[in-house]
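K.L.:
File follows, input_21.txt with compact mmCIF, C-alpha atoms and all ligand atoms:
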# COMPACT_ATOMS: atom_id res chain seq x y z
CA MET A 1163 12.27 7.19 -9.63
CA CYS A 1164 12.17 6.92 -13.36
CA SER A 1165 8.46 7.65 -13.54
CA THR A 1166 7.74 11.33 -13.81
CA ARG A 1167 4.04 11.17 -12.99
CA LEU A 1168 2.27 9.48 -10.15
CA PRO A 1169 -1.37 8.83 -9.29
CA LYS A 1170 -2.96 11.07 -6.66
CA LEU A 1171 -3.56 8.00 -4.55
CA ILE A 1172 -1.70 4.71 -4.52
CA ALA A 1173 -3.27 1.89 -2.52
CA PHE A 1174 -1.63 -1.30 -1.37
CA ASP A 1175 -2.95 -4.57 -0.11
CA LEU A 1176 -1.01 -5.88 2.93
CA ASP A 1177 -0.74 -9.67 3.13
CA TYR A 1178 1.63 -11.05 0.47
CA THR A 1179 1.79 -7.64 -1.17
CA LEU A 1180 3.77 -5.66 1.45
CA TRP A 1181 4.74 -8.53 3.79
CA ASP A 1182 4.94 -12.31 3.47
CA LEU A 1183 2.32 -13.42 5.97
CA TRP A 1184 -1.32 -13.28 6.91
CA ILE A 1185 -1.40 -10.73 9.71
CA ASP A 1186 -4.62 -12.20 11.14
CA THR A 1187 -3.49 -15.82 11.34
CA HIS A 1188 0.33 -15.88 11.43
CA VAL A 1189 0.85 -13.18 14.04
CA ASP A 1190 0.02 -13.06 17.75
CA GLY A 1191 -0.19 -9.67 19.41
CA PRO A 1192 0.92 -7.67 21.19
CA LEU A 1193 3.68 -6.51 18.89
CA HIS A 1194 6.94 -4.93 19.97
CA ARG A 1195 10.15 -3.64 18.53
CA LYS A 1196 13.72 -4.34 19.65
CA ALA A 1197 15.63 -1.10 20.16
CA GLN A 1198 15.10 1.19 17.17
CA ARG A 1199 15.36 -1.40 14.45
CA VAL A 1200 13.71 -0.20 11.30
CA ASN A 1201 11.47 -2.50 9.31
CA GLU A 1202 11.33 -5.23 11.95
CA VAL A 1203 8.58 -5.86 14.44
CA LEU A 1204 8.31 -8.89 16.72
CA ASP A 1205 5.12 -10.54 17.77
CA ARG A 1206 4.36 -12.16 21.14
CA ASN A 1207 6.49 -15.19 20.19
CA ASP A 1208 9.32 -13.05 18.81
CA HIS A 1209 8.36 -13.98 15.28
CA PRO A 1210 9.72 -11.16 13.09
CA ILE A 1211 7.52 -9.20 10.70
CA SER A 1212 9.06 -7.03 8.00
CA PHE A 1213 8.04 -5.46 4.76
CA TYR A 1214 9.47 -6.98 1.61
CA ARG A 1215 12.94 -5.61 0.92
CA ASP A 1216 12.06 -2.81 -1.52
CA VAL A 1217 8.90 -1.59 0.22
CA ALA A 1218 10.41 1.05 2.52
CA ASP A 1219 12.37 2.52 -0.36
CA ILE A 1220 9.27 2.64 -2.54
CA PHE A 1221 7.35 4.46 0.21
CA HIS A 1222 10.21 6.94 0.62
CA LYS A 1223 10.13 7.66 -3.10
CA ILE A 1224 6.38 8.15 -3.13
CA ARG A 1225 6.63 10.44 -0.11
CA ALA A 1226 9.35 12.50 -1.80
CA HIS A 1227 7.17 13.13 -4.85
CA ARG A 1228 5.47 16.49 -5.21
CA PHE A 1229 2.95 17.52 -7.81
CA ALA A 1230 4.46 20.63 -9.32
CA ASP A 1231 1.17 22.15 -10.38
CA GLU A 1232 -0.57 22.18 -7.00
CA GLY A 1233 -0.46 23.98 -3.69
CA ASP A 1234 1.24 22.78 -0.55
CA ALA A 1235 -1.70 21.04 1.05
CA GLU A 1236 -2.60 18.77 -1.81
CA ASP A 1237 0.68 18.16 -3.50
CA LYS A 1238 1.60 14.81 -1.95
CA VAL A 1239 0.57 11.38 -3.11
CA VAL A 1240 -1.80 9.68 -0.70
CA ILE A 1241 -0.56 6.25 0.31
CA ALA A 1242 -3.49 4.05 1.27
CA VAL A 1243 -3.83 0.58 2.65
CA CYS A 1244 -6.67 -1.59 1.45
CA SER A 1245 -6.85 -5.01 3.06
CA ARG A 1246 -9.48 -7.60 3.85
CA THR A 1247 -7.61 -8.60 7.00
CA HIS A 1248 -9.69 -9.69 9.96
CA ALA A 1249 -7.14 -8.04 12.27
CA PRO A 1250 -7.17 -4.39 11.18
CA ASP A 1251 -6.02 -3.12 14.59
CA LEU A 1252 -3.03 -5.45 14.60
CA ALA A 1253 -2.24 -4.45 11.03
CA ARG A 1254 -2.40 -0.76 11.94
CA GLN A 1255 -0.15 -1.31 14.95
CA CYS A 1256 2.31 -3.18 12.79
CA LEU A 1257 2.42 -0.39 10.21
CA ASN A 1258 3.08 2.11 13.00
CA LEU A 1259 5.91 0.08 14.49
CA LEU A 1260 7.68 -0.63 11.21
CA LEU A 1261 8.96 2.95 11.13
CA VAL A 1262 8.80 3.53 7.44
CA PRO A 1263 6.97 6.45 5.85
CA PRO A 1264 3.60 5.49 7.15
CA PRO A 1265 0.54 4.62 5.13
CA HIS A 1266 -1.37 5.42 8.33
CA ASN A 1267 -0.67 9.10 7.69
CA SER A 1268 -2.87 8.86 4.69
CA GLU A 1269 -6.55 9.58 4.70
CA ALA A 1270 -7.47 6.02 3.88
CA GLU A 1271 -6.64 3.58 6.63
CA THR A 1272 -6.76 -0.15 6.99
CA ALA A 1273 -10.45 -0.79 6.95
CA PRO A 1274 -12.36 -3.69 8.45
CA PRO A 1275 -12.65 -6.60 6.04
CA THR A 1276 -14.05 -5.23 2.87
CA ALA A 1277 -13.72 -5.94 -0.80
CA ALA A 1278 -11.32 -3.65 -2.61
CA ILE A 1279 -14.07 -2.57 -4.95
CA THR A 1280 -16.15 -1.37 -1.99
CA PHE A 1281 -13.16 0.51 -0.61
CA PHE A 1282 -12.61 2.40 -3.85
CA ASP A 1283 -16.30 2.93 -4.44
CA GLU A 1284 -16.58 4.63 -1.06
CA LEU A 1285 -13.48 6.73 -1.67
CA GLU A 1286 -15.26 8.47 -4.53
CA ILE A 1287 -11.99 9.80 -5.88
CA TYR A 1288 -11.04 6.59 -7.57
CA PRO A 1289 -10.47 7.61 -11.19
CA GLY A 1290 -6.80 7.77 -11.86
CA ASN A 1291 -5.69 5.84 -8.80
CA ALA A 1292 -3.58 2.71 -8.68
CA PHE A 1293 -3.95 -0.41 -6.55
CA PHE A 1294 -1.26 -3.05 -5.96
CA ASP A 1295 -2.49 -6.43 -4.78
CA ASP A 1296 -1.51 -10.11 -4.92
CA GLU A 1297 -5.09 -11.30 -5.45
CA ARG A 1298 -6.25 -11.12 -9.02
CA ARG A 1299 -9.93 -11.15 -8.06
CA ASN A 1300 -9.50 -7.57 -6.88
CA GLY A 1301 -8.80 -6.57 -10.45
CA GLU A 1302 -12.51 -5.78 -10.56
CA VAL A 1303 -11.59 -2.29 -9.29
CA GLU A 1304 -10.65 -1.48 -12.88
CA LYS A 1305 -14.39 -1.08 -13.52
CA LEU A 1306 -14.14 2.06 -11.37
CA GLY A 1307 -11.24 3.52 -13.29
CA VAL A 1308 -8.60 2.33 -10.83
CA THR A 1309 -5.53 0.75 -12.40
CA PHE A 1310 -5.01 -2.68 -10.88
CA ILE A 1311 -1.44 -3.96 -10.66
CA HIS A 1312 -1.03 -7.60 -9.82
CA VAL A 1313 1.80 -8.35 -7.39
CA PRO A 1314 2.53 -12.07 -7.71
CA THR A 1315 5.46 -12.44 -5.31
CA GLY A 1316 5.64 -9.35 -3.14
CA LEU A 1317 6.08 -5.71 -4.07
CA ASN A 1318 9.45 -4.76 -5.51
CA HIS A 1319 10.91 -1.91 -7.56
CA LYS A 1320 10.27 -3.58 -10.90
CA ILE A 1321 6.61 -4.34 -10.19
CA PHE A 1322 6.12 -0.82 -8.88
CA GLU A 1323 7.70 0.87 -11.89
CA ASP A 1324 5.98 -1.44 -14.38
CA GLY A 1325 2.70 -0.74 -12.58
CA LEU A 1326 3.16 3.00 -12.86
CA GLU A 1327 3.96 2.63 -16.53
CA ARG A 1328 0.73 0.72 -17.00
CA TRP A 1329 -1.15 3.41 -15.09
CA GLN A 1330 0.34 6.12 -17.32
CA LYS A 1331 -0.45 4.22 -20.49
CA ARG A 1332 -4.03 3.62 -19.39
CA ARG A 1333 -4.49 7.29 -18.69
CA SER A 1334 -3.05 8.41 -21.99
CA ASP A 1335 -5.25 5.88 -23.84
CA SER A 1336 -8.44 7.10 -22.24
MG MG B 1 -3.02 -10.09 -0.12
Let me see the file written as structure tokens.
P.N.:
Amino acid sequence: MCSTRLPKLIAFDLDYTLWDLWIDTHVDGPLHRKAQRVNEVLDRNDHPISFYRDVADIFHKIRAHRFADEGDAEDKVVIAVCSRTHAPDLARQCLNLLLVPPPHNSEAETAPPTAAITFFDELEIYPGNAFFDDERRNGEVEKLGVTFIHVPTGLNHKIFEDGLERWQKRRSDS
């Protein structure tokens, strides 16, 4: 990763940010996986669900990052999921089955439908965090000090790196 610094918490929307579907309308549970295939889950009708191509790699890189100036317990970046989906249980199951470094290990899970601004407001540790989302309306989180990164066509390496650059610049300007 070319970025040397990362936010303490990086949050991601799900639908059309991490995968190219609406989990609550395009997918019928239960979900299952064929063999041990990574980054592919099938729904009841064998419709495949995968993260966008670069997502697993981006999660691996975030997971590999350590804050040099902190102790063991707090030195990892928290990966959070923030989605308004009406199917949070299905979304959580899907994240579990996709077998990539799991956002569900983070302290912030897929919540019931809620506006992103409510999510961050309730987190109370929002200053200095970053949020990737395909819906521009959620840019209102910037009022809380969160850096909003718009993801127009699915998360990829370039959007991620550009987003982190923006986050760094915003922090150094403030
Ligand atoms: Mg979305």
K.L.:
Point out the residue among A:Arg1298, A:His1188, A:Arg1199, A:Arg1206 with the least atom-to-atom distance to His1248 in chain A, counting all atoms listed in the file.
P.N.:
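Counting all atoms listed in the file, the residue closest to His1248 in chain A is A:His1188.
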K.L.:
Counting all atoms listed in the file, give me one row per residue of range 1205-1241 of chain A with an atom at most 12 Å from an atom of range 1176-1179 of chain A, showing the shortest contact pair and its distance in Å to one decimal, sorted by chain then residue number, as JSON lines.
P.N.:
{"residue": "A:Ile1211", "atom": "CA", "partner": "A:Asp1177", "partner_atom": "CA", "distance": 11.2}
{"residue": "A:Ser1212", "atom": "CA", "partner": "A:Asp1177", "partner_atom": "CA", "distance": 11.3}
{"residue": "A:Phe1213", "atom": "CA", "partner": "A:Thr1179", "partner_atom": "CA", "distance": 8.9}
{"residue": "A:Tyr1214", "atom": "CA", "partner": "A:Thr1179", "partner_atom": "CA", "distance": 8.2}
{"residue": "A:Arg1215", "atom": "CA", "partner": "A:Thr1179", "partner_atom": "CA", "distance": 11.5}
{"residue": "A:Asp1216", "atom": "CA", "partner": "A:Thr1179", "partner_atom": "CA", "distance": 11.4}
{"residue": "A:Val1217", "atom": "CA", "partner": "A:Thr1179", "partner_atom": "CA", "distance": 9.4}
K.L.:
Per residue of chain A within 12 Å of ligand MG 1 (chain B), what are the shortest atom pair and its distance in Å to one decimal, counting all atoms listed in the file, with rows by chain and residue number, as CSV?
P.N.:
residue,atom,partner,partner_atom,distance
A:Phe1174,CA,B:MG1,MG,9.0
A:Asp1175,CA,B:MG1,MG,5.5
A:Leu1176,CA,B:MG1,MG,5.6
A:Asp1177,CA,B:MG1,MG,4.0
A:Tyr1178,CA,B:MG1,MG,4.8
A:Thr1179,CA,B:MG1,MG,5.5
A:Leu1180,CA,B:MG1,MG,8.3
A:Trp1181,CA,B:MG1,MG,8.8
A:Asp1182,CA,B:MG1,MG,9.0
A:Leu1183,CA,B:MG1,MG,8.8
A:Trp1184,CA,B:MG1,MG,7.9
A:Ile1185,CA,B:MG1,MG,10.0
A:Asp1186,CA,B:MG1,MG,11.6
A:Val1243,CA,B:MG1,MG,11.1
A:Cys1244,CA,B:MG1,MG,9.4
A:Ser1245,CA,B:MG1,MG,7.1
A:Arg1246,CA,B:MG1,MG,8.0
A:Thr1247,CA,B:MG1,MG,8.6
A:Pro1275,CA,B:MG1,MG,12.0
A:Ala1277,CA,B:MG1,MG,11.5
A:Ala1278,CA,B:MG1,MG,10.8
A:Phe1293,CA,B:MG1,MG,11.7
A:Phe1294,CA,B:MG1,MG,9.3
A:Asp1295,CA,B:MG1,MG,5.9
A:Asp1296,CA,B:MG1,MG,5.0
A:Glu1297,CA,B:MG1,MG,5.8
A:Arg1298,CA,B:MG1,MG,9.5
A:Arg1299,CA,B:MG1,MG,10.6
A:Asn1300,CA,B:MG1,MG,9.7
A:His1312,CA,B:MG1,MG,10.2
A:Val1313,CA,B:MG1,MG,8.9
A:Pro1314,CA,B:MG1,MG,9.6
A:Thr1315,CA,B:MG1,MG,10.2
A:Gly1316,CA,B:MG1,MG,9.2
A:Leu1317,CA,B:MG1,MG,10.8
K.L.:
Using all atoms listed in the file for the distances, tell me which of A:Asn1318, A:Ile1172, A:Pro1250, A:Glu1304 is nearest to Ala1292 in chain A.
P.N.:
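When distances to Ala1292 in chain A are compared using all atoms listed in the file, the smallest one comes from A:Ile1172.
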K.L.:
Between CA of Phe1221 in chain A and CA of Asp1324 in chain A, what is the spacing in Å?
P.N.:
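If I compute the distance from CA of Asp1324 in chain A to CA of Phe1221 in chain A, I get 15.8 Å.
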K.L.:
If I take CA of Val1240 in chain A and CA of Trp1329 in chain A, how far is one from the other in Å, to one decimal?
P.N.:
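Result for CA of Val1240 in chain A versus CA of Trp1329 in chain A: 15.7 Å, one decimal.
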K.L.:
In Å, with one decimal, what is the gap from CA of Ala1242 in chain A to CA of Thr1187 in chain A?
P.N.:
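Between CA of Ala1242 in chain A and CA of Thr1187 in chain A the gap works out to 22.3 Å.
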K.L.:
Need to verify the contact set: Arg1228 in chain A, 8 Å, all atoms listed in the file, exclusion of same-chain residues closer than 4 positions in sequence. Can you return it as JSON, numbers by chain?
P.N.:
{"A": [1237, 1238, 1239]}
